[in-house]
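Source file model.tsv; content: TSV, C-alpha atoms.
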```
chain	number	residue	atom	x	y	z
A	32	MET	CA	0.00	0.00	0.00
A	33	ASP	CA	1.28	3.46	-0.92
A	34	LEU	CA	0.78	5.39	2.32
A	35	THR	CA	1.85	8.69	0.73
A	36	LYS	CA	-1.61	8.84	-0.91
A	37	PHE	CA	-3.05	9.33	2.58
A	38	ILE	CA	-0.82	12.27	3.52
A	39	ARG	CA	-2.09	15.76	2.72
A	40	ASP	CA	0.26	18.70	2.18
A	41	ILE	CA	-0.83	21.87	4.01
A	42	PRO	CA	1.24	24.87	2.86
A	43	ASP	CA	2.26	27.53	5.39
A	44	PHE	CA	1.29	25.59	8.52
A	45	PRO	CA	2.08	26.18	11.34
A	46	LYS	CA	3.97	29.15	9.84
A	47	PRO	CA	4.80	30.62	6.41
A	48	GLY	CA	7.19	28.54	4.31
A	49	ILE	CA	6.52	25.23	6.05
A	50	ILE	CA	4.61	22.46	4.26
A	51	PHE	CA	2.83	20.46	6.97
A	52	LYS	CA	2.31	16.73	6.40
A	53	ASP	CA	-1.27	16.11	7.54
A	54	ILE	CA	-1.89	12.51	8.63
A	55	THR	CA	-5.64	12.86	9.27
A	56	PRO	CA	-6.58	11.34	5.85
A	57	LEU	CA	-4.54	8.27	6.85
A	58	LEU	CA	-6.32	8.04	10.22
A	59	LYS	CA	-9.70	8.38	8.48
A	60	SER	CA	-8.91	5.21	6.50
A	61	HIS	CA	-9.13	2.03	8.58
A	62	ASP	CA	-7.16	0.10	5.94
A	63	ALA	CA	-4.29	2.62	5.85
A	64	THR	CA	-4.07	2.93	9.65
A	65	SER	CA	-4.22	-0.83	10.10
A	66	TYR	CA	-1.50	-1.29	7.45
A	67	ALA	CA	0.75	1.30	9.14
A	68	VAL	CA	0.30	-0.17	12.61
A	69	ASN	CA	0.93	-3.71	11.34
A	70	ARG	CA	4.09	-2.69	9.51
A	71	ILE	CA	5.49	-1.18	12.72
A	72	TYR	CA	4.65	-4.38	14.61
A	73	GLU	CA	6.12	-6.70	11.96
A	74	HIS	CA	9.36	-4.72	11.77
A	75	TYR	CA	10.00	-5.12	15.51
A	76	ALA	CA	8.19	-8.45	16.04
A	77	ASP	CA	11.40	-10.29	17.03
A	78	ALA	CA	12.93	-7.47	19.11
A	79	GLY	CA	11.58	-8.67	22.46
A	80	ILE	CA	9.54	-5.51	23.07
A	81	THR	CA	8.10	-5.38	26.62
A	82	ALA	CA	6.34	-1.98	26.39
A	83	VAL	CA	5.52	0.74	23.84
A	84	ALA	CA	6.10	4.42	24.70
A	85	GLY	CA	4.03	6.94	22.72
A	86	ILE	CA	4.88	10.63	22.56
A	87	GLU	CA	2.05	13.14	23.18
A	88	SER	CA	-0.18	13.59	21.43
A	89	ARG	CA	-0.13	12.03	17.92
A	90	GLY	CA	2.20	9.29	19.17
A	91	PHE	CA	-0.71	8.20	21.38
A	92	ILE	CA	-2.81	7.49	18.28
A	93	PHE	CA	-0.38	4.94	16.83
A	94	GLY	CA	1.28	3.80	20.05
A	95	CYS	CA	-1.68	2.15	21.73
A	96	PRO	CA	-2.71	-0.08	18.79
A	97	VAL	CA	0.95	-1.03	18.26
A	98	ALA	CA	1.20	-2.01	21.94
A	99	GLY	CA	-1.96	-4.07	21.46
A	100	LEU	CA	-0.36	-6.07	18.62
A	101	PHE	CA	2.72	-6.76	20.74
A	102	GLY	CA	0.50	-7.72	23.69
A	103	VAL	CA	2.33	-5.26	25.96
A	104	GLY	CA	1.48	-2.13	27.93
A	105	PHE	CA	1.41	1.46	26.68
A	106	ILE	CA	3.39	4.23	28.36
A	107	PRO	CA	2.46	7.87	27.70
A	108	ILE	CA	5.32	10.36	27.31
A	109	ARG	CA	3.79	13.76	28.06
A	110	LYS	CA	4.36	17.48	28.10
A	111	PRO	CA	5.23	19.04	31.49
A	112	GLY	CA	2.62	19.06	34.25
A	113	LYS	CA	0.25	16.56	32.63
A	114	LEU	CA	1.24	13.36	34.44
A	115	PRO	CA	-0.17	13.22	37.97
A	116	TYR	CA	2.36	10.94	39.74
A	117	ASP	CA	6.13	11.48	40.31
A	118	THR	CA	7.97	11.92	37.02
A	119	HIS	CA	11.34	11.86	35.33
A	120	SER	CA	11.74	14.83	33.03
A	121	GLU	CA	14.11	15.73	30.21
A	122	GLU	CA	14.55	19.19	28.75
A	123	TYR	CA	15.52	19.81	25.13
A	124	GLU	CA	16.23	22.79	22.93
A	125	LEU	CA	13.86	24.30	20.42
A	126	GLU	CA	14.64	26.87	17.74
A	127	TYR	CA	13.69	29.48	20.33
A	128	GLY	CA	13.77	28.39	23.99
A	129	THR	CA	13.35	24.92	25.48
A	130	ASP	CA	10.68	22.25	25.89
A	131	CYS	CA	10.40	19.19	28.11
A	132	VAL	CA	9.05	15.63	28.11
A	133	GLU	CA	7.97	13.69	31.20
A	134	MET	CA	7.28	10.08	32.18
A	135	HIS	CA	6.10	8.44	35.41
A	136	ILE	CA	9.04	7.09	37.45
A	137	ASP	CA	7.36	3.67	37.77
A	138	ALA	CA	6.51	3.38	34.07
A	139	MET	CA	9.37	0.99	33.26
A	140	GLY	CA	12.58	-0.50	34.64
A	141	PRO	CA	15.95	-2.08	33.70
A	142	ASP	CA	14.34	-5.30	32.42
A	143	ASP	CA	12.26	-3.47	29.82
A	144	LYS	CA	12.87	-3.25	26.07
A	145	ILE	CA	11.01	-0.22	24.79
A	146	LEU	CA	9.71	0.73	21.35
A	147	ILE	CA	9.25	4.51	21.04
A	148	VAL	CA	6.37	5.55	18.73
A	149	ASP	CA	5.57	8.96	17.26
A	150	ASP	CA	3.86	10.14	14.10
A	151	LEU	CA	6.66	12.36	12.78
A	152	LEU	CA	10.46	12.55	12.88
A	153	ALA	CA	11.44	16.16	12.10
A	154	THR	CA	14.48	17.70	13.82
A	155	GLY	CA	14.54	14.81	16.31
A	156	GLY	CA	14.57	16.92	19.46
A	157	THR	CA	11.52	15.35	21.09
A	158	ALA	CA	12.50	11.80	20.10
A	159	ALA	CA	16.08	12.21	21.38
A	160	ALA	CA	14.82	13.66	24.67
A	161	THR	CA	12.39	10.74	25.01
A	162	GLY	CA	15.33	8.36	24.54
A	163	ASN	CA	17.26	10.12	27.32
A	164	LEU	CA	14.18	10.03	29.54
A	165	ILE	CA	13.85	6.27	29.11
A	166	ARG	CA	17.57	5.69	29.77
A	167	LYS	CA	17.11	7.28	33.22
A	168	THR	CA	15.08	4.21	34.24
A	169	GLY	CA	17.75	1.76	33.02
A	170	ALA	CA	15.38	0.41	30.37
A	171	HIS	CA	16.76	-0.62	26.96
A	172	ILE	CA	15.51	1.20	23.87
A	173	ALA	CA	14.86	-1.39	21.17
A	174	GLY	CA	13.90	1.09	18.48
A	175	PHE	CA	12.04	4.13	17.23
A	176	SER	CA	9.15	4.11	14.79
A	177	PHE	CA	7.61	7.00	12.89
A	178	VAL	CA	4.88	7.20	10.28
A	179	VAL	CA	6.56	10.15	8.50
A	180	GLU	CA	10.24	11.17	8.46
A	181	LEU	CA	11.36	14.54	7.08
A	182	GLU	CA	14.86	13.35	6.09
A	183	PHE	CA	16.05	16.82	5.07
A	184	LEU	CA	15.87	17.89	8.74
A	185	ASN	CA	18.41	15.17	9.71
A	186	GLY	CA	16.56	14.16	12.87
A	187	ALA	CA	17.88	10.59	12.63
A	188	GLU	CA	21.38	11.87	13.42
A	189	LYS	CA	20.20	12.83	16.91
A	190	LEU	CA	19.03	9.28	17.69
A	191	GLY	CA	22.42	7.54	17.72
A	192	ASP	CA	22.74	3.85	16.86
A	193	ILE	CA	19.20	2.87	17.79
A	194	PRO	CA	17.17	1.28	14.96
A	195	ILE	CA	14.66	3.61	13.28
A	196	LEU	CA	11.66	2.62	11.17
A	197	SER	CA	9.99	5.38	9.15
A	198	LEU	CA	7.07	4.26	6.99
A	199	ILE	CA	7.18	7.33	4.72
A	200	LYS	CA	10.30	9.40	4.02
A	201	TYR	CA	10.41	12.84	2.41
A	202	SER	CA	13.90	13.79	1.23
B	136	MET	CA	-12.15	-7.95	35.30
B	137	ASP	CA	-12.25	-5.27	38.02
B	138	LEU	CA	-10.79	-2.25	36.22
B	139	THR	CA	-10.83	-0.13	39.39
B	140	LYS	CA	-7.72	-2.06	40.52
B	141	PHE	CA	-5.85	-0.36	37.66
B	142	ILE	CA	-6.82	3.21	38.62
B	143	ARG	CA	-4.52	5.06	41.00
B	144	ASP	CA	-5.75	7.90	43.23
B	145	ILE	CA	-3.46	10.93	43.22
B	146	PRO	CA	-4.47	13.40	45.95
B	147	ASP	CA	-4.26	17.16	45.31
B	148	PHE	CA	-3.70	16.94	41.52
B	149	PRO	CA	-3.94	19.13	39.54
B	150	LYS	CA	-4.85	21.33	42.54
B	151	PRO	CA	-5.47	20.97	46.28
B	152	GLY	CA	-8.63	19.09	47.24
B	153	ILE	CA	-8.96	17.16	43.96
B	154	ILE	CA	-8.31	13.40	43.85
B	155	PHE	CA	-7.07	12.65	40.34
B	156	LYS	CA	-7.93	9.26	38.82
B	157	ASP	CA	-4.67	8.13	37.18
B	158	ILE	CA	-5.23	5.67	34.31
B	159	THR	CA	-1.54	4.98	33.57
B	160	PRO	CA	-1.53	1.68	35.57
B	161	LEU	CA	-4.38	0.51	33.36
B	162	LEU	CA	-2.47	1.47	30.19
B	163	LYS	CA	0.62	-0.35	31.51
B	164	SER	CA	-1.40	-3.58	31.61
B	165	HIS	CA	-2.08	-5.05	28.18
B	166	ASP	CA	-4.85	-7.24	29.60
B	167	ALA	CA	-6.66	-4.34	31.28
B	168	THR	CA	-6.37	-2.04	28.24
B	169	SER	CA	-7.51	-4.79	25.90
B	170	TYR	CA	-10.45	-5.60	28.18
B	171	ALA	CA	-11.49	-1.91	28.32
B	172	VAL	CA	-11.23	-1.42	24.55
B	173	ASN	CA	-13.17	-4.63	23.85
B	174	ARG	CA	-15.95	-3.70	26.27
B	175	ILE	CA	-16.43	-0.37	24.46
B	176	TYR	CA	-16.54	-2.17	21.12
B	177	GLU	CA	-18.98	-4.86	22.31
B	178	HIS	CA	-21.33	-2.29	23.83
B	179	TYR	CA	-21.70	-0.43	20.50
B	180	ALA	CA	-21.10	-3.38	18.15
B	181	ASP	CA	-24.63	-3.20	16.68
B	182	ALA	CA	-24.87	0.62	16.53
B	183	GLY	CA	-23.70	0.95	12.91
B	184	ILE	CA	-20.65	3.04	13.85
B	185	THR	CA	-18.89	4.49	10.77
B	186	ALA	CA	-16.10	6.40	12.55
B	187	VAL	CA	-14.66	6.93	16.03
B	188	ALA	CA	-13.84	10.44	17.26
B	189	GLY	CA	-11.25	10.68	20.05
B	190	ILE	CA	-10.79	13.77	22.20
B	191	GLU	CA	-7.22	15.07	22.69
B	192	SER	CA	-5.19	13.73	24.19
B	193	ARG	CA	-6.10	10.71	26.35
B	194	GLY	CA	-9.09	10.04	24.10
B	195	PHE	CA	-6.53	9.33	21.37
B	196	ILE	CA	-5.12	6.44	23.42
B	197	PHE	CA	-8.41	4.53	23.57
B	198	GLY	CA	-10.04	5.90	20.40
B	199	CYS	CA	-7.67	4.45	17.83
B	200	PRO	CA	-7.77	0.82	19.06
B	201	VAL	CA	-11.57	1.07	19.39
B	202	ALA	CA	-11.77	2.30	15.77
B	203	GLY	CA	-9.59	-0.65	14.81
B	204	LEU	CA	-12.04	-3.14	16.32
B	205	PHE	CA	-14.95	-1.51	14.48
B	206	GLY	CA	-12.89	-1.50	11.25
B	207	VAL	CA	-13.54	2.24	10.80
B	208	GLY	CA	-11.47	5.41	10.67
B	209	PHE	CA	-10.30	7.53	13.57
B	210	ILE	CA	-11.02	11.27	13.80
B	211	PRO	CA	-8.97	13.45	16.15
B	212	ILE	CA	-10.81	16.18	18.07
B	213	ARG	CA	-8.15	18.70	19.04
B	214	LYS	CA	-7.39	21.82	21.00
B	215	PRO	CA	-7.33	25.12	19.03
B	216	GLY	CA	-4.61	25.66	16.43
B	217	LYS	CA	-3.42	22.03	16.28
B	218	LEU	CA	-5.27	20.82	13.17
B	219	PRO	CA	-3.65	22.05	9.95
B	220	TYR	CA	-6.61	22.07	7.53
B	221	ASP	CA	-9.88	24.08	7.71
B	222	THR	CA	-11.78	23.37	10.91
B	223	HIS	CA	-15.12	23.59	12.65
B	224	SER	CA	-14.69	24.86	16.19
B	225	GLU	CA	-16.88	24.92	19.29
B	226	GLU	CA	-16.23	27.01	22.37
B	227	TYR	CA	-17.28	25.95	25.86
B	228	GLU	CA	-17.16	27.39	29.34
B	229	LEU	CA	-14.68	26.43	32.03
B	230	GLU	CA	-14.79	27.32	35.71
B	231	TYR	CA	-12.75	30.38	34.78
B	232	GLY	CA	-12.81	31.45	31.12
B	233	THR	CA	-13.47	29.37	28.00
B	234	ASP	CA	-11.86	26.59	26.00
B	235	CYS	CA	-12.42	25.26	22.49
B	236	VAL	CA	-12.39	22.00	20.50
B	237	GLU	CA	-11.75	21.72	16.76
B	238	MET	CA	-12.25	19.15	13.99
B	239	HIS	CA	-11.40	19.16	10.28
B	240	ILE	CA	-14.40	20.18	8.15
B	241	ASP	CA	-13.97	17.09	5.92
B	242	ALA	CA	-13.64	14.64	8.82
B	243	MET	CA	-17.23	13.35	8.56
B	244	GLY	CA	-20.61	14.01	6.94
B	245	PRO	CA	-24.38	13.46	7.25
B	246	ASP	CA	-24.11	9.71	6.51
B	247	ASP	CA	-21.80	9.08	9.45
B	248	LYS	CA	-22.68	7.50	12.80
B	249	ILE	CA	-20.02	8.56	15.28
B	250	LEU	CA	-18.83	7.08	18.56
B	251	ILE	CA	-17.12	9.71	20.75
B	252	VAL	CA	-14.33	8.32	22.96
B	253	ASP	CA	-12.55	9.95	25.89
B	254	ASP	CA	-10.87	8.63	29.00
B	255	LEU	CA	-12.84	10.65	31.57
B	256	LEU	CA	-16.30	12.18	31.97
B	257	ALA	CA	-16.06	14.91	34.59
B	258	THR	CA	-18.18	18.07	34.26
B	259	GLY	CA	-18.99	17.12	30.65
B	260	GLY	CA	-17.97	20.42	29.07
B	261	THR	CA	-15.52	18.98	26.56
B	262	ALA	CA	-17.74	16.04	25.67
B	263	ALA	CA	-20.81	18.26	25.15
B	264	ALA	CA	-18.80	20.66	22.98
B	265	THR	CA	-17.52	17.72	20.93
B	266	GLY	CA	-21.11	16.64	20.39
B	267	ASN	CA	-22.04	20.11	19.15
B	268	LEU	CA	-18.97	20.13	16.89
B	269	ILE	CA	-20.01	16.86	15.28
B	270	ARG	CA	-23.61	18.04	14.80
B	271	LYS	CA	-22.29	20.91	12.64
B	272	THR	CA	-21.36	18.34	9.98
B	273	GLY	CA	-24.82	16.72	10.01
B	274	ALA	CA	-23.32	13.47	11.32
B	275	HIS	CA	-25.30	11.36	13.80
B	276	ILE	CA	-23.83	10.74	17.25
B	277	ALA	CA	-24.37	7.09	18.13
B	278	GLY	CA	-22.89	7.33	21.60
B	279	PHE	CA	-20.24	8.40	24.06
B	280	SER	CA	-17.81	6.12	25.83
B	281	PHE	CA	-15.55	6.85	28.77
B	282	VAL	CA	-13.21	4.72	30.83
B	283	VAL	CA	-13.93	6.67	34.02
B	284	GLU	CA	-17.02	8.72	34.97
B	285	LEU	CA	-17.07	11.01	38.02
B	286	GLU	CA	-20.82	10.77	38.58
B	287	PHE	CA	-20.84	13.36	41.38
B	288	LEU	CA	-19.95	16.05	38.80
B	289	ASN	CA	-23.15	15.30	36.82
B	290	GLY	CA	-21.44	15.51	33.41
B	291	ALA	CA	-23.93	13.05	31.90
B	292	GLU	CA	-26.69	15.67	32.26
B	293	LYS	CA	-24.90	17.83	29.67
B	294	LEU	CA	-24.95	15.06	27.05
B	295	GLY	CA	-28.72	14.90	26.46
B	296	ASP	CA	-30.37	11.68	25.29
B	297	ILE	CA	-27.30	10.17	23.65
B	298	PRO	CA	-26.24	6.75	25.02
B	299	ILE	CA	-23.28	6.83	27.40
B	300	LEU	CA	-21.03	3.92	28.37
B	301	SER	CA	-18.71	4.46	31.35
B	302	LEU	CA	-16.58	1.45	32.30
B	303	ILE	CA	-15.87	2.71	35.84
B	304	LYS	CA	-18.14	5.05	37.83
B	305	TYR	CA	-17.23	6.94	40.98
B	306	SER	CA	-20.29	8.25	42.83
```

Would you mind giving the structure from this file in structure tokens?
Amino acid sequence: MDLTKFIRDIPDFPKPGIIFKDITPLLKSHDATSYAVNRIYEHYADAGITAVAGIESRGFIFGCPVAGLFGVGFIPIRKPGKLPYDTHSEEYELEYGTDCVEMHIDAMGPDDKILIVDDLLATGGTAAATGNLIRKTGAHIAGFSFVVELEFLNGAEKLGDIPILSLIKYS
Amino acid sequence: MDLTKFIRDIPDFPKPGIIFKDITPLLKSHDATSYAVNRIYEHYADAGITAVAGIESRGFIFGCPVAGLFGVGFIPIRKPGKLPYDTHSEEYELEYGTDCVEMHIDAMGPDDKILIVDDLLATGGTAAATGNLIRKTGAHIAGFSFVVELEFLNGAEKLGDIPILSLIKYS
């Protein structure tokens, strides 16, 4: 299946000069979403995944069904102040200023092998920070998966030697 | 399965005097998440659902796997400014001030029968606004489903005659 047919270009969003890759047509199609989720599962089927971490908020959409296929739990990675229990947090740099990702301290441990799921790999800041967050627990990161990768932003370089699956790449 | 065992009480979050119902232990358990998602599906299995709308952001976690069981598409209902294409929007009142939910104008139409999914029914403001948003497209709302309902906040009264499924109720 050619998933690119389900991605809509939105010029000048969120600001002038940027072409936003809109995944809502993909989500609207059960067949396309099911195909995407199954491809992520099949790629990591033999990696011994014990939990799936999804990055707020579009990573939640794909992360939970992927966790369901693996038969493992789902761990939400959230923006600051959203998780109610004690958290680890990891700050990262934006073009202007900083942002932060958080995870509950009891979400995972050293015996876990984690698949990190998000919809988009752009500059890689959020994904790299999520990796650092997970390392604080001693858990092993088995891989990253994205529906769309904007290769020209070189986000993959920030993710080190960890395997990356991107279903659609724009170069 | 007693899902209440997977809900953790967090006192004084997000502010003093409130006991927050933390669903992350439920998400961490594949069996509990799968049981919850299947109960939502089974309850509405004969309702002719053509799409599932999930409310940002914890509604995304449950909404997408529920859509998968129905074999239909998933429609994200988002906070203002997050959706890239043209949107319908619906404002609603908070304790102090207002908030807003948005949906793409091409997300659904008059032939659709929609199941609205969120994790929590509290005062019902967001859920009621989502209902109004969906009515703007002419789509039919087949029902609401929540994992947790705080009955003492009377949110159900804001949702009119539409069927509501809440897997866990606190009275």

### Task
Using all atoms listed in the file, find which residues of chain A lie within 8 Å of chain B and jot them down as a ChimeraX atom specification.
/A:41,44-45,51,53,55,58-62,64-65,82,87-89,91-96,98-99,102-107,115-116,138

Residue selection dump (C-alpha atoms) as a CSV table (one decimal), keeping the file's coordinate frame:
```csv
chain,number,residue,atom,x,y,z
A,41,ILE,CA,-0.8,21.9,4.0
A,44,PHE,CA,1.3,25.6,8.5
A,45,PRO,CA,2.1,26.2,11.3
A,51,PHE,CA,2.8,20.5,7.0
A,53,ASP,CA,-1.3,16.1,7.5
A,55,THR,CA,-5.6,12.9,9.3
A,58,LEU,CA,-6.3,8.0,10.2
A,59,LYS,CA,-9.7,8.4,8.5
A,60,SER,CA,-8.9,5.2,6.5
A,61,HIS,CA,-9.1,2.0,8.6
A,62,ASP,CA,-7.2,0.1,5.9
A,64,THR,CA,-4.1,2.9,9.6
A,65,SER,CA,-4.2,-0.8,10.1
A,82,ALA,CA,6.3,-2.0,26.4
A,87,GLU,CA,2.0,13.1,23.2
A,88,SER,CA,-0.2,13.6,21.4
A,89,ARG,CA,-0.1,12.0,17.9
A,91,PHE,CA,-0.7,8.2,21.4
A,92,ILE,CA,-2.8,7.5,18.3
A,93,PHE,CA,-0.4,4.9,16.8
A,94,GLY,CA,1.3,3.8,20.0
A,95,CYS,CA,-1.7,2.2,21.7
A,96,PRO,CA,-2.7,-0.1,18.8
A,98,ALA,CA,1.2,-2.0,21.9
A,99,GLY,CA,-2.0,-4.1,21.5
A,102,GLY,CA,0.5,-7.7,23.7
A,103,VAL,CA,2.3,-5.3,26.0
A,104,GLY,CA,1.5,-2.1,27.9
A,105,PHE,CA,1.4,1.5,26.7
A,106,ILE,CA,3.4,4.2,28.4
A,107,PRO,CA,2.5,7.9,27.7
A,115,PRO,CA,-0.2,13.2,38.0
A,116,TYR,CA,2.4,10.9,39.7
A,138,ALA,CA,6.5,3.4,34.1
```

#### Entry: 10 Å contact set for B:Phe279, all atoms listed in the file, chain neighbours under 2 positions out, as a PyMOL selection string
chain B and resi 175+179+187-188+249-253+256+262-263+266+276-277+281+291+294+297-301

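The gap separating atom CA of A:Cys131 from atom CA of B:Leu229 is 26.4 Å, in Å to one decimal.
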
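Each of A:Tyr66, A:Tyr127, A:Tyr201, A:Tyr72 was compared to A:Glu182 using only C-alpha atoms, and A:Tyr201 turns out to be the nearest.
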
### Message
Taking all atoms listed in the file into account, name the residue in B:Glu228, B:Asp246, B:Asp234, B:Asp181 that is nearest to B:Gly278.
### Response
B:Asp181

Quick one: axis-aligned box around all listed atoms of stretch 191-202 of chain A, 3 Å on every side, centre and edge lengths in Å to one decimal, written as AutoDock Vina command-line options.
```
--center_x 14.9 --center_y 7.5 --center_z 9.5 --size_x 21.7 --size_y 18.5 --size_z 22.6
```

### Task
Would you mind reading off the distance between atom CA of B:Lys304 and atom CA of B:Val283, one decimal, in Å?
5.9 Å
